[in-house]
$ cat input-v4.cif   # mmCIF, C-alpha atoms and all ligand atoms
data_run
#
loop_
_atom_site.label_atom_id
_atom_site.label_comp_id
_atom_site.auth_asym_id
_atom_site.auth_seq_id
_atom_site.Cartn_x
_atom_site.Cartn_y
_atom_site.Cartn_z
CA MET A 125 -137.21 186.65 -9.90
CA ILE A 126 -139.87 184.21 -11.16
CA PHE A 127 -142.53 186.52 -9.72
CA PHE A 128 -141.03 189.45 -11.65
CA ILE A 129 -140.99 187.45 -14.93
CA VAL A 130 -144.61 186.37 -14.44
CA ILE A 131 -145.69 190.00 -13.86
CA VAL A 132 -143.82 191.19 -16.97
CA ALA A 133 -145.29 188.31 -19.01
CA LEU A 134 -148.79 189.20 -17.81
CA PHE A 135 -148.28 192.84 -18.82
CA VAL A 136 -146.97 191.86 -22.25
CA ALA A 137 -149.91 189.45 -22.75
CA TYR A 138 -152.32 192.15 -21.65
CA PHE A 139 -150.98 194.68 -24.16
CA ILE A 140 -150.96 192.15 -27.01
CA VAL A 141 -154.55 191.04 -26.35
CA HIS A 142 -155.57 194.67 -25.78
CA ARG A 143 -154.17 195.63 -29.18
CA ILE A 144 -156.11 192.81 -30.83
CA PHE A 145 -159.44 193.46 -29.11
CA VAL A 146 -159.65 197.17 -28.57
CA HIS A 147 -160.45 199.34 -31.52
CA ARG A 148 -158.66 202.65 -31.50
CA LYS A 149 -159.70 204.51 -34.64
CA THR A 150 -162.36 207.17 -34.62
CA PHE A 151 -164.31 207.93 -37.78
CA THR A 152 -163.54 211.55 -38.58
CA GLY A 153 -165.68 212.09 -41.68
CA THR A 154 -167.80 215.23 -41.53
CA ALA A 155 -170.51 214.24 -44.06
CA LYS A 156 -173.87 215.85 -43.36
CA LEU A 157 -177.01 213.76 -43.85
CA TYR A 158 -179.80 216.32 -44.16
CA GLY A 159 -182.56 214.91 -46.38
CA LYS A 160 -181.27 211.33 -46.00
CA THR A 161 -183.15 208.51 -44.27
CA VAL A 162 -181.46 205.71 -42.37
CA ILE A 163 -182.73 202.58 -40.63
CA VAL A 164 -180.79 201.19 -37.67
CA THR A 165 -182.06 197.82 -36.47
CA GLY A 166 -181.64 197.33 -32.72
CA GLY A 167 -181.02 201.07 -32.47
CA ASN A 168 -182.33 201.34 -28.92
CA THR A 169 -179.26 199.96 -27.11
CA GLY A 170 -175.50 199.44 -27.35
CA ILE A 171 -173.69 199.96 -30.63
CA GLY A 172 -176.94 200.56 -32.51
CA LYS A 173 -177.97 203.42 -30.25
CA ALA A 174 -174.52 205.05 -30.46
CA THR A 175 -174.65 204.69 -34.27
CA ALA A 176 -178.15 206.15 -34.48
CA THR A 177 -177.12 209.10 -32.30
CA ALA A 178 -174.09 209.89 -34.47
CA LEU A 179 -176.24 209.76 -37.63
CA ALA A 180 -178.89 211.99 -36.01
CA VAL A 181 -176.18 214.51 -35.07
CA ARG A 182 -175.27 214.63 -38.78
CA GLY A 183 -178.88 215.54 -39.63
CA ALA A 184 -180.32 212.24 -40.94
CA ARG A 185 -183.90 211.13 -40.49
CA VAL A 186 -183.26 208.11 -38.26
CA ILE A 187 -185.63 205.17 -37.89
CA LEU A 188 -185.00 202.96 -34.90
CA ALA A 189 -186.26 199.52 -35.89
CA CYS A 190 -186.72 197.73 -32.58
CA ARG A 191 -188.81 195.06 -30.89
CA SER A 192 -190.12 196.93 -27.87
CA LYS A 193 -192.34 199.98 -28.47
CA GLN A 194 -191.63 201.33 -25.00
CA LYS A 195 -187.83 200.91 -25.19
CA GLY A 196 -187.74 202.11 -28.80
CA GLU A 197 -189.71 205.26 -28.06
CA GLU A 198 -187.64 206.00 -24.94
CA ALA A 199 -184.42 205.64 -26.94
CA ALA A 200 -185.78 207.81 -29.78
CA LYS A 201 -186.61 210.53 -27.25
CA GLU A 202 -183.14 210.34 -25.69
CA ILE A 203 -181.47 210.51 -29.11
CA ARG A 204 -183.62 213.50 -30.14
CA THR A 205 -182.54 215.32 -26.97
CA GLU A 206 -178.86 214.37 -27.26
CA SER A 207 -178.53 215.13 -30.98
CA GLY A 208 -180.83 218.15 -31.19
CA ASN A 209 -182.46 216.41 -34.19
CA ASP A 210 -186.25 215.93 -33.88
CA ASP A 211 -186.34 213.58 -36.85
CA VAL A 212 -185.70 210.35 -34.93
CA ILE A 213 -188.58 207.89 -34.74
CA PHE A 214 -189.33 204.34 -33.62
CA MET A 215 -190.86 201.68 -35.88
CA GLN A 216 -191.69 198.23 -34.58
CA LEU A 217 -189.58 195.33 -35.94
CA ASP A 218 -189.06 191.87 -34.50
CA LEU A 219 -186.43 190.03 -36.52
CA ALA A 220 -187.56 186.75 -34.94
CA SER A 221 -190.84 187.01 -36.86
CA GLN A 222 -191.04 187.12 -40.65
CA LYS A 223 -194.58 188.47 -40.32
CA SER A 224 -193.20 191.40 -38.32
CA ILE A 225 -190.40 191.97 -40.86
CA ARG A 226 -192.89 192.03 -43.76
CA SER A 227 -195.21 194.32 -41.84
CA PHE A 228 -192.30 196.68 -40.99
CA ALA A 229 -191.24 196.80 -44.65
CA GLU A 230 -194.81 197.41 -45.83
CA THR A 231 -195.33 200.30 -43.39
CA PHE A 232 -191.90 201.74 -44.16
CA LEU A 233 -192.39 201.63 -47.94
CA LYS A 234 -195.84 203.21 -47.61
CA THR A 235 -194.80 206.02 -45.29
CA GLU A 236 -191.15 206.79 -46.10
CA PRO A 237 -190.20 208.04 -49.56
CA ARG A 238 -186.43 207.56 -49.06
CA LEU A 239 -183.95 204.96 -47.85
CA ASP A 240 -180.30 205.95 -48.10
CA LEU A 241 -178.73 203.67 -45.52
CA LEU A 242 -179.84 200.37 -44.00
CA ILE A 243 -177.80 199.30 -40.98
CA ASN A 244 -178.44 195.67 -40.01
CA ASN A 245 -177.08 196.03 -36.50
CA ALA A 246 -179.45 193.98 -34.30
CA GLY A 247 -178.15 190.66 -33.06
CA LEU A 248 -178.29 188.25 -30.16
CA ALA A 249 -176.90 185.06 -28.70
CA ALA A 250 -179.95 183.33 -27.23
CA ALA A 251 -181.36 179.80 -27.40
CA GLY A 252 -184.73 178.83 -28.88
CA ARG A 253 -186.56 179.20 -32.14
CA THR A 254 -188.03 182.13 -34.03
CA GLU A 255 -191.77 182.38 -34.68
CA ASP A 256 -191.05 180.67 -38.02
CA GLY A 257 -189.31 177.68 -36.43
CA ILE A 258 -185.75 178.69 -37.35
CA GLY A 259 -182.93 178.53 -34.76
CA MET A 260 -183.18 181.86 -32.90
CA ILE A 261 -179.59 182.96 -33.51
CA LEU A 262 -179.58 182.15 -37.23
CA GLY A 263 -183.08 183.61 -37.59
CA VAL A 264 -182.41 186.95 -35.90
CA ASN A 265 -178.78 187.43 -36.92
CA HIS A 266 -178.98 186.31 -40.55
CA ILE A 267 -182.37 185.24 -41.98
CA GLY A 268 -184.21 188.29 -40.57
CA PRO A 269 -181.73 190.88 -41.95
CA PHE A 270 -181.60 188.92 -45.24
CA LEU A 271 -185.38 189.20 -45.67
CA LEU A 272 -185.50 192.81 -44.49
CA THR A 273 -182.76 193.86 -46.91
CA ASN A 274 -184.42 192.14 -49.84
CA LEU A 275 -187.78 193.74 -49.08
CA LEU A 276 -186.16 197.19 -49.03
CA LEU A 277 -183.76 196.76 -51.97
CA GLU A 278 -185.90 198.51 -54.59
CA ARG A 279 -186.16 201.63 -52.41
CA LEU A 280 -182.40 201.58 -51.83
CA LYS A 281 -181.88 201.37 -55.61
CA GLU A 282 -184.28 204.26 -56.22
CA CYS A 283 -182.30 206.38 -53.73
CA ALA A 284 -178.81 205.35 -54.92
CA PRO A 285 -176.07 206.03 -54.14
CA SER A 286 -177.09 204.16 -51.01
CA ARG A 287 -175.60 201.54 -48.71
CA VAL A 288 -176.33 198.41 -46.68
CA VAL A 289 -174.11 197.87 -43.64
CA ASN A 290 -174.14 194.48 -41.90
CA VAL A 291 -172.73 194.33 -38.39
CA SER A 292 -170.95 190.98 -38.16
CA SER A 293 -168.16 190.04 -35.72
CA CYS A 294 -164.57 188.83 -35.75
CA GLY A 295 -166.22 185.69 -34.34
CA HIS A 296 -167.21 184.85 -37.95
CA ASP A 297 -163.65 183.60 -38.31
CA LEU A 298 -164.46 180.71 -35.95
CA GLY A 299 -167.70 179.85 -37.74
CA THR A 300 -168.24 177.12 -40.32
CA ILE A 301 -171.19 177.01 -42.68
CA ASP A 302 -173.16 173.82 -42.22
CA PHE A 303 -176.04 173.66 -44.71
CA ASP A 304 -177.40 170.55 -43.05
CA CYS A 305 -177.78 172.52 -39.80
CA ILE A 306 -179.33 175.47 -41.58
CA ASN A 307 -181.90 173.25 -43.26
CA THR A 308 -182.76 171.13 -40.25
CA HIS A 309 -182.16 173.55 -37.35
CA LYS A 310 -181.25 170.55 -35.26
CA LYS A 311 -178.17 172.07 -33.76
CA LEU A 312 -178.02 175.76 -34.47
CA GLY A 313 -178.87 177.82 -31.42
CA LEU A 314 -181.34 175.34 -30.03
CA GLY A 315 -179.15 173.81 -27.38
CA SER A 316 -179.07 175.24 -23.92
CA SER A 317 -175.29 175.15 -23.41
CA ASP A 318 -173.20 178.26 -23.95
CA GLY A 319 -171.00 176.20 -26.32
CA ASP A 320 -174.05 175.67 -28.56
CA LEU A 321 -174.84 179.38 -28.43
CA PHE A 322 -171.25 180.27 -29.26
CA ARG A 323 -171.17 177.91 -32.27
CA ALA A 324 -174.49 179.19 -33.55
CA TYR A 325 -173.40 182.80 -33.01
CA THR A 326 -170.10 182.45 -34.92
CA HIS A 327 -171.95 180.59 -37.68
CA SER A 328 -174.56 183.37 -37.98
CA LYS A 329 -171.82 186.01 -38.12
CA LEU A 330 -170.09 184.10 -40.94
CA CYS A 331 -173.49 184.14 -42.70
CA ASN A 332 -173.43 187.99 -42.39
CA VAL A 333 -170.06 188.14 -44.18
CA LEU A 334 -171.13 185.71 -46.94
CA PHE A 335 -174.49 187.46 -47.38
CA THR A 336 -172.64 190.77 -47.89
CA HIS A 337 -170.27 189.11 -50.37
CA GLU A 338 -173.15 187.77 -52.52
CA LEU A 339 -175.28 190.91 -52.13
CA ALA A 340 -172.45 193.03 -53.57
CA LYS A 341 -172.38 190.83 -56.68
CA ARG A 342 -176.14 191.11 -57.15
CA LEU A 343 -175.97 194.89 -56.68
CA GLU A 344 -173.23 195.50 -59.25
CA GLY A 345 -174.10 198.47 -61.45
CA THR A 346 -176.89 199.75 -59.18
CA ASN A 347 -174.84 202.24 -57.12
CA VAL A 348 -176.03 200.48 -53.97
CA THR A 349 -173.02 199.16 -52.08
CA CYS A 350 -172.73 196.96 -49.01
CA TYR A 351 -170.18 196.18 -46.31
CA SER A 352 -169.81 193.87 -43.31
CA LEU A 353 -167.79 194.66 -40.22
CA HIS A 354 -166.53 193.82 -36.75
CA PRO A 355 -167.35 196.63 -34.27
CA GLY A 356 -164.63 195.73 -31.74
CA SER A 357 -165.12 194.27 -28.30
CA VAL A 358 -167.81 196.48 -26.81
CA ARG A 359 -169.56 196.65 -23.43
CA SER A 360 -173.23 196.04 -24.23
CA GLU A 361 -176.19 193.79 -23.42
CA LEU A 362 -175.15 191.14 -25.95
CA GLY A 363 -174.05 188.61 -23.32
CA ARG A 364 -177.29 188.80 -21.33
CA ASP A 365 -178.29 185.19 -22.14
CA ILE A 366 -174.95 183.61 -21.26
CA THR A 367 -175.59 181.55 -18.13
CA GLU A 368 -172.72 179.14 -17.46
CA TRP A 369 -170.42 180.44 -14.72
CA HIS A 370 -167.10 179.99 -16.60
CA ALA A 371 -168.48 181.77 -19.68
CA ARG A 372 -169.79 184.59 -17.47
CA VAL A 373 -166.36 184.93 -15.79
CA LEU A 374 -164.67 185.11 -19.21
CA LEU A 375 -167.21 187.65 -20.41
CA THR A 376 -166.74 189.78 -17.28
CA VAL A 377 -162.93 189.76 -17.67
CA VAL A 378 -163.09 190.64 -21.38
CA SER A 379 -165.70 193.29 -20.71
CA LYS A 380 -163.71 194.84 -17.83
CA PHE A 381 -160.24 194.84 -19.37
CA PHE A 382 -160.63 194.68 -23.14
CA ALA A 383 -163.98 196.13 -24.11
CA THR A 384 -164.71 199.68 -25.13
CA ASP A 385 -167.85 201.76 -24.88
CA PRO A 386 -170.61 201.67 -27.55
CA VAL A 387 -169.50 205.02 -29.01
CA SER A 388 -166.11 203.47 -29.92
CA GLY A 389 -168.01 200.37 -31.09
CA ALA A 390 -169.99 202.48 -33.57
CA GLN A 391 -166.94 203.87 -35.41
CA THR A 392 -166.50 201.13 -38.00
CA THR A 393 -170.25 201.10 -38.71
CA LEU A 394 -170.03 204.87 -39.29
CA TYR A 395 -166.97 204.38 -41.50
CA CYS A 396 -168.76 201.80 -43.68
CA SER A 397 -171.88 203.98 -43.78
CA LEU A 398 -170.29 207.33 -44.60
CA GLN A 399 -166.70 207.05 -45.78
CA ASP A 400 -166.23 208.43 -49.29
CA GLY A 401 -164.36 206.38 -51.89
CA ILE A 402 -164.96 202.84 -50.56
CA GLU A 403 -167.64 201.99 -53.13
CA HIS A 404 -165.18 199.78 -55.06
CA LEU A 405 -164.82 197.71 -51.87
CA SER A 406 -168.49 196.75 -51.86
CA GLY A 407 -168.99 193.30 -50.35
CA ARG A 408 -165.83 193.46 -48.25
CA TYR A 409 -165.31 193.25 -44.46
CA PHE A 410 -163.94 196.00 -42.21
CA SER A 411 -162.57 196.20 -38.69
CA ASP A 412 -161.25 199.23 -36.81
CA CYS A 413 -162.19 201.48 -39.77
CA GLN A 414 -160.07 199.54 -42.22
CA LEU A 415 -160.37 196.77 -44.77
CA VAL A 416 -159.55 193.27 -43.52
CA GLN A 417 -159.16 190.18 -45.69
CA VAL A 418 -161.45 187.39 -44.46
CA LYS A 419 -160.66 183.66 -44.56
CA ALA A 420 -161.27 181.77 -47.82
CA GLU A 421 -164.61 180.24 -46.72
CA ALA A 422 -165.99 183.70 -45.93
CA ARG A 423 -165.42 184.88 -49.52
CA ASP A 424 -166.20 181.67 -51.37
CA ASP A 425 -168.51 182.48 -54.30
CA GLY A 426 -170.11 179.02 -54.33
CA VAL A 427 -170.84 178.96 -50.59
CA ALA A 428 -172.19 182.53 -50.67
CA LYS A 429 -174.51 181.71 -53.60
CA LYS A 430 -175.77 178.53 -51.94
CA LEU A 431 -176.36 180.38 -48.66
CA TRP A 432 -178.38 182.99 -50.57
CA GLU A 433 -180.57 180.30 -52.16
CA VAL A 434 -181.10 178.46 -48.86
CA SER A 435 -181.90 181.77 -47.13
CA GLU A 436 -184.46 182.62 -49.84
CA LYS A 437 -186.22 179.32 -49.21
CA LEU A 438 -186.20 179.87 -45.44
CA CYS A 439 -188.01 183.16 -45.79
CA GLY A 440 -190.46 182.09 -48.47
CA MET A 441 -188.84 184.12 -51.24
CA ALA A 442 -188.16 181.16 -53.53
N1 LIG B 1 -170.61 193.92 -28.17
C1 LIG B 1 -169.61 193.34 -28.83
O1 LIG B 1 -168.50 193.18 -28.30
C2 LIG B 1 -169.82 192.86 -30.24
C3 LIG B 1 -168.74 192.25 -30.89
C4 LIG B 1 -168.91 191.80 -32.20
C5 LIG B 1 -170.14 192.00 -32.84
N2 LIG B 1 -171.17 192.59 -32.19
C6 LIG B 1 -172.45 192.77 -32.92
O2 LIG B 1 -172.87 194.11 -32.78
C7 LIG B 1 -174.30 194.18 -32.93
C8 LIG B 1 -174.88 195.04 -31.84
O3 LIG B 1 -174.69 194.37 -30.60
P1 LIG B 1 -174.46 195.12 -29.20
O4 LIG B 1 -173.16 194.69 -28.69
O5 LIG B 1 -174.77 196.55 -29.31
O6 LIG B 1 -175.55 194.34 -28.30
P2 LIG B 1 -176.95 194.83 -27.70
O7 LIG B 1 -177.55 193.60 -27.11
O8 LIG B 1 -176.77 196.02 -26.83
O9 LIG B 1 -177.76 195.27 -29.00
C9 LIG B 1 -178.39 194.35 -29.83
C10 LIG B 1 -179.69 194.97 -30.31
O10 LIG B 1 -180.39 194.00 -31.11
C11 LIG B 1 -181.74 194.00 -30.74
N3 LIG B 1 -182.40 192.75 -31.04
C12 LIG B 1 -182.16 191.52 -30.53
N4 LIG B 1 -183.08 190.65 -30.99
C13 LIG B 1 -183.89 191.34 -31.83
C14 LIG B 1 -185.04 191.00 -32.60
N5 LIG B 1 -185.56 189.78 -32.57
N6 LIG B 1 -185.63 191.96 -33.34
C15 LIG B 1 -185.13 193.22 -33.36
N7 LIG B 1 -184.07 193.61 -32.64
C16 LIG B 1 -183.48 192.67 -31.88
C17 LIG B 1 -181.69 194.23 -29.21
O11 LIG B 1 -182.95 194.63 -28.72
C18 LIG B 1 -180.64 195.32 -29.15
O12 LIG B 1 -181.23 196.58 -29.40
C19 LIG B 1 -174.78 192.73 -32.94
O13 LIG B 1 -175.06 192.32 -34.26
C20 LIG B 1 -173.59 191.95 -32.39
O14 LIG B 1 -173.58 190.62 -32.87
C21 LIG B 1 -171.04 193.04 -30.90
#
$ encode --input "input-v4.cif" --output "C-alpha cells"
Amino acid sequence: MIFFIVIVALFVAYFIVHRIFVHRKTFTGTAKLYGKTVIVTGGNTGIGKATATALAVRGARVILACRSKQKGEEAAKEIRTESGNDDVIFMQLDLASQKSIRSFAETFLKTEPRLDLLINNAGLAAAGRTEDGIGMILGVNHIGPFLLTNLLLERLKECAPSRVVNVSSCGHDLGTIDFDCINTHKKLGLGSSDGDLFRAYTHSKLCNVLFTHELAKRLEGTNVTCYSLHPGSVRSELGRDITEWHARVLLTVVSKFFATDPVSGAQTTLYCSLQDGIEHLSGRYFSDCQLVQVKAEARDDGVAKKLWEVSEKLCGMA
C-alpha cells in the first residue's frame, strides 16, 4: 500500500513540476520578415540557433553575433541550408570584451543600413572575469548586452517600429540586486563553486529584467519596444561549466525529464519579437508566450534606474 502511495505521489509531483518547467505554447504568427534585419547574439547554438533559423525561414536578413568565427560560420551555413534563405551571415562578437562589442557595433553600423530586431540571447554560467575585469557572468549576461543595445539604439530608432528582446530566465526570481557586488566584483561569478555561479547567474538574469524595464521608459515615444523573457527549461550547452557532482546530477535529471528542445525554447523569443499588438507591454516579462508579472524588486523604478547608471559607468558610457 505504502509503495502504491509513493508511486502515485511521484507521478503527481512529476506532472506538477512538468507543468511548471515545460513550455507548451508554440508561436503561430505568420509575419514575414523580407527586408528586415535581425541580430541574434549567441545564434550559433541552442535557443539562439533555433530562433535564428525561424527568423531566416520568415525571410529576415539574420546576423549571427558569435564569439567563434568557425562555429559561427558553420551555423550560418547550416541555417542557410535549413531555411532556404541565403541571407544569414556571421559577425564576430565577444560579449566578454567591450572592445569586441564596440568593434562589432562599428562594423555593423558601417555595413548594415537596417536593424529591426535585436535579440540579446547569448548567456553563460561560468567563473572568471571578462577582459574588462568584470565578473564573467554579470559581464556577458548583462553589461555586454547593455552596451551593445545602447550602441545600436539610434539605428533601431531610425528603423522603428523595431524591438529589443532580452532572453532572461525564471531564475531572475531568485536573484537579488547587490550594488556593492556589482561595483566591486568581489563575489559575483568569481568563485569556483557552483553555488557562486548560481547566485551570479540569477543576479545577472534579474539585471536583464530590470534593464528591460528601464529601457522601455527611455524608449517611450520612439516606437522601439523591448521585452524580457524566460525561454523554458531547454536542453542546451548552458550547463557546460557546472562541475560539482550533485549539481550535475540535478542538471541531468532536469534535462532528461523536464527540459524541451531548443525549437520549443525559441517560441517565447519569437512571440516577443513578432507578435502584433504587444507594443503597449514594452518593458514587461514573458514566459510560455504570455505576460507574467515579476516580483516587486524586478519592476522597481529606483533599482532599475540605479542599475542603468551603474551599468553605464561599467562600460565607460558615463
Ligand atoms: N537552457 C535553458 O534551460 C535556459 C533557461 C533559462 C534561460 N536561458 C537563457 O537562454 C539563453 C540561451 O541559452 P541556451 O540555453 O541556448 O545556451 P547555449 O549555451 O546553447 O547558448 C548560449 C550562447 O551564448 C553564447 N555566448 C556565451 N558567451 C558568449 C560571449 N562571451 N560572447 C558571445 N556569445 C557568447 C554561446 O556561445 C552560445 O552560442 C541564455 O541567455 C540563457 O541564460 C536558458
$ closest_atom_pairs --input "input-v4.cif" --of "chain A" --to "ligand LIG 1 (chain B)" --cutoff "6 Å" --atoms "all atoms listed in the file" --output "JSON lines"
{"residue": "A:Gly166", "atom": "CA", "partner": "B:LIG1", "partner_atom": "O12", "distance": 3.4}
{"residue": "A:Gly167", "atom": "CA", "partner": "B:LIG1", "partner_atom": "O12", "distance": 5.4}
{"residue": "A:Asn168", "atom": "CA", "partner": "B:LIG1", "partner_atom": "O12", "distance": 4.9}
{"residue": "A:Thr169", "atom": "CA", "partner": "B:LIG1", "partner_atom": "O12", "distance": 4.5}
{"residue": "A:Gly170", "atom": "CA", "partner": "B:LIG1", "partner_atom": "O5", "distance": 3.6}
{"residue": "A:Ile171", "atom": "CA", "partner": "B:LIG1", "partner_atom": "O5", "distance": 3.8}
{"residue": "A:Gly172", "atom": "CA", "partner": "B:LIG1", "partner_atom": "O5", "distance": 5.6}
{"residue": "A:Cys190", "atom": "CA", "partner": "B:LIG1", "partner_atom": "C15", "distance": 4.8}
{"residue": "A:Arg191", "atom": "CA", "partner": "B:LIG1", "partner_atom": "C15", "distance": 4.8}
{"residue": "A:Leu217", "atom": "CA", "partner": "B:LIG1", "partner_atom": "C15", "distance": 5.6}
{"residue": "A:Asp218", "atom": "CA", "partner": "B:LIG1", "partner_atom": "N6", "distance": 3.6}
{"residue": "A:Leu219", "atom": "CA", "partner": "B:LIG1", "partner_atom": "N6", "distance": 3.8}
{"residue": "A:Ala220", "atom": "CA", "partner": "B:LIG1", "partner_atom": "N5", "distance": 4.3}
{"residue": "A:Asn245", "atom": "CA", "partner": "B:LIG1", "partner_atom": "O13", "distance": 4.8}
{"residue": "A:Ala246", "atom": "CA", "partner": "B:LIG1", "partner_atom": "O10", "distance": 3.3}
{"residue": "A:Gly247", "atom": "CA", "partner": "B:LIG1", "partner_atom": "O13", "distance": 3.7}
{"residue": "A:Leu248", "atom": "CA", "partner": "B:LIG1", "partner_atom": "C12", "distance": 5.1}
{"residue": "A:Val264", "atom": "CA", "partner": "B:LIG1", "partner_atom": "N5", "distance": 5.4}
{"residue": "A:Val291", "atom": "CA", "partner": "B:LIG1", "partner_atom": "O13", "distance": 5.2}
{"residue": "A:Ser292", "atom": "CA", "partner": "B:LIG1", "partner_atom": "C5", "distance": 5.5}
{"residue": "A:Ser293", "atom": "CA", "partner": "B:LIG1", "partner_atom": "C4", "distance": 4.0}
{"residue": "A:His354", "atom": "CA", "partner": "B:LIG1", "partner_atom": "C4", "distance": 5.5}
{"residue": "A:Pro355", "atom": "CA", "partner": "B:LIG1", "partner_atom": "C4", "distance": 5.5}
{"residue": "A:Gly356", "atom": "CA", "partner": "B:LIG1", "partner_atom": "C3", "distance": 5.5}
{"residue": "A:Ser357", "atom": "CA", "partner": "B:LIG1", "partner_atom": "O1", "distance": 3.6}
{"residue": "A:Val358", "atom": "CA", "partner": "B:LIG1", "partner_atom": "O1", "distance": 3.7}
{"residue": "A:Arg359", "atom": "CA", "partner": "B:LIG1", "partner_atom": "N1", "distance": 5.6}
{"residue": "A:Ser360", "atom": "CA", "partner": "B:LIG1", "partner_atom": "O8", "distance": 4.4}
{"residue": "A:Glu361", "atom": "CA", "partner": "B:LIG1", "partner_atom": "O7", "distance": 3.9}
{"residue": "A:Leu362", "atom": "CA", "partner": "B:LIG1", "partner_atom": "O7", "distance": 3.6}
$ residues_around --input "input-v4.cif" --residues "A:Leu239" --least-positions-apart "5" --cutoff "12 Å" --atoms "only C-alpha atoms" --output "PDB file with C-alpha atoms, in the coordinates of the input"
ATOM      1  CA  LEU A 157    -177.010 213.760 -43.850  1.00  0.00           C
ATOM      2  CA  GLY A 159    -182.560 214.910 -46.380  1.00  0.00           C
ATOM      3  CA  LYS A 160    -181.270 211.330 -46.000  1.00  0.00           C
ATOM      4  CA  THR A 161    -183.150 208.510 -44.270  1.00  0.00           C
ATOM      5  CA  VAL A 162    -181.460 205.710 -42.370  1.00  0.00           C
ATOM      6  CA  ILE A 163    -182.730 202.580 -40.630  1.00  0.00           C
ATOM      7  CA  VAL A 164    -180.790 201.190 -37.670  1.00  0.00           C
ATOM      8  CA  ALA A 184    -180.320 212.240 -40.940  1.00  0.00           C
ATOM      9  CA  ARG A 185    -183.900 211.130 -40.490  1.00  0.00           C
ATOM     10  CA  VAL A 186    -183.260 208.110 -38.260  1.00  0.00           C
ATOM     11  CA  ILE A 187    -185.630 205.170 -37.890  1.00  0.00           C
ATOM     12  CA  ALA A 229    -191.240 196.800 -44.650  1.00  0.00           C
ATOM     13  CA  PHE A 232    -191.900 201.740 -44.160  1.00  0.00           C
ATOM     14  CA  LEU A 233    -192.390 201.630 -47.940  1.00  0.00           C
ATOM     15  CA  THR A 273    -182.760 193.860 -46.910  1.00  0.00           C
ATOM     16  CA  LEU A 275    -187.780 193.740 -49.080  1.00  0.00           C
ATOM     17  CA  LEU A 276    -186.160 197.190 -49.030  1.00  0.00           C
ATOM     18  CA  LEU A 277    -183.760 196.760 -51.970  1.00  0.00           C
ATOM     19  CA  GLU A 278    -185.900 198.510 -54.590  1.00  0.00           C
ATOM     20  CA  ARG A 279    -186.160 201.630 -52.410  1.00  0.00           C
ATOM     21  CA  LEU A 280    -182.400 201.580 -51.830  1.00  0.00           C
ATOM     22  CA  LYS A 281    -181.880 201.370 -55.610  1.00  0.00           C
ATOM     23  CA  GLU A 282    -184.280 204.260 -56.220  1.00  0.00           C
ATOM     24  CA  CYS A 283    -182.300 206.380 -53.730  1.00  0.00           C
ATOM     25  CA  ALA A 284    -178.810 205.350 -54.920  1.00  0.00           C
ATOM     26  CA  PRO A 285    -176.070 206.030 -54.140  1.00  0.00           C
ATOM     27  CA  SER A 286    -177.090 204.160 -51.010  1.00  0.00           C
ATOM     28  CA  ARG A 287    -175.600 201.540 -48.710  1.00  0.00           C
ATOM     29  CA  VAL A 288    -176.330 198.410 -46.680  1.00  0.00           C
ATOM     30  CA  VAL A 348    -176.030 200.480 -53.970  1.00  0.00           C
TER      31      VAL A 348
END
$ axis_aligned_box --input "input-v4.cif" --around "stretch 298-307 of chain A" --padding-each-side "5 Å" --output "lines of an AutoDock Vina configuration file"
center_x = -173.2
center_y = 175.6
center_z = -40.3
size_x = 27.4
size_y = 20.2
size_z = 18.8
$ residues_around --input "input-v4.cif" --residues "A:Tyr158" --least-positions-apart "6" --cutoff "10 Å" --atoms "only C-alpha atoms" --output "tab-separated table (two decimals) with C-alpha atoms, keeping the file's coordinate frame"
chain	number	residue	atom	x	y	z
A	179	LEU	CA	-176.24	209.76	-37.63
A	180	ALA	CA	-178.89	211.99	-36.01
A	181	VAL	CA	-176.18	214.51	-35.07
A	182	ARG	CA	-175.27	214.63	-38.78
A	183	GLY	CA	-178.88	215.54	-39.63
A	184	ALA	CA	-180.32	212.24	-40.94
A	185	ARG	CA	-183.90	211.13	-40.49
$ closest_residue --input "input-v4.cif" --among "A:Thr300, A:Ser388, A:Thr175, A:Asn274" --to "A:Thr150" --atoms "all atoms listed in the file"
A:Ser388
$ residues_around --input "input-v4.cif" --residues "A:Gln216" --least-positions-apart "5" --cutoff "10 Å" --atoms "all atoms listed in the file" --output "ChimeraX atom specification"
/A:165,187-193,196-197,224-225,227-228,231
$ residues_around --input "input-v4.cif" --residues "A:Val434" --least-positions-apart "4" --cutoff "9 Å" --atoms "only C-alpha atoms" --output "number ranges by chain"
A: 303, 306-307, 429-430, 438-439, 442
$ closest_residue --input "input-v4.cif" --among "A:Ser435, A:Thr349, A:Thr336, A:Thr326" --to "A:Ile402" --atoms "all atoms listed in the file"
A:Thr349
$ residues_around --input "input-v4.cif" --residues "A:Phe335" --least-positions-apart "4" --cutoff "7 Å" --atoms "only C-alpha atoms" --output "ChimeraX atom specification"
/A:331,339,428,432
$ closest_residue --input "input-v4.cif" --among "A:Leu375, A:Ala420, A:Ile267, A:Met215" --to "A:Gln194" --atoms "all atoms listed in the file"
A:Met215
$ closest_residue --input "input-v4.cif" --among "A:Gln391, A:Asn290, A:Ser411, A:Gln399" --to "A:Tyr351" --atoms "only C-alpha atoms"
A:Asn290
$ closest_atom_pairs --input "input-v4.cif" --of "stretch 231-282 of chain A" --to "stretch 393-397 of chain A" --cutoff "10 Å" --atoms "all atoms listed in the file" --output "CSV"
residue,atom,partner,partner_atom,distance
A:Asp240,CA,A:Ser397,CA,9.7
A:Leu241,CA,A:Ser397,CA,7.1
A:Leu242,CA,A:Ser397,CA,8.7
A:Ile243,CA,A:Ser397,CA,8.0
A:Asn244,CA,A:Thr393,CA,9.9
A:Asn245,CA,A:Thr393,CA,8.8
$ closest_residue --input "input-v4.cif" --among "A:Gly345, A:Ser221, A:Gly153, A:Arg226" --to "A:Gly257" --atoms "all atoms listed in the file"
A:Ser221
$ atom_distance --input "input-v4.cif" --atom1 "atom CA of A:Leu272" --atom2 "atom CA of A:Asn209"
25.9 Å
$ atom_distance --input "input-v4.cif" --atom1 "atom CA of A:Ala250" --atom2 "atom CA of A:Asp365"
5.7 Å
$ closest_residue --input "input-v4.cif" --among "A:Arg204, A:Arg364, A:Lys341, A:Arg423" --to "A:Ile301" --atoms "all atoms listed in the file"
A:Arg423
$ atom_distance --input "input-v4.cif" --atom1 "atom CA of A:Phe151" --atom2 "atom CA of A:Asp385"
14.7 Å
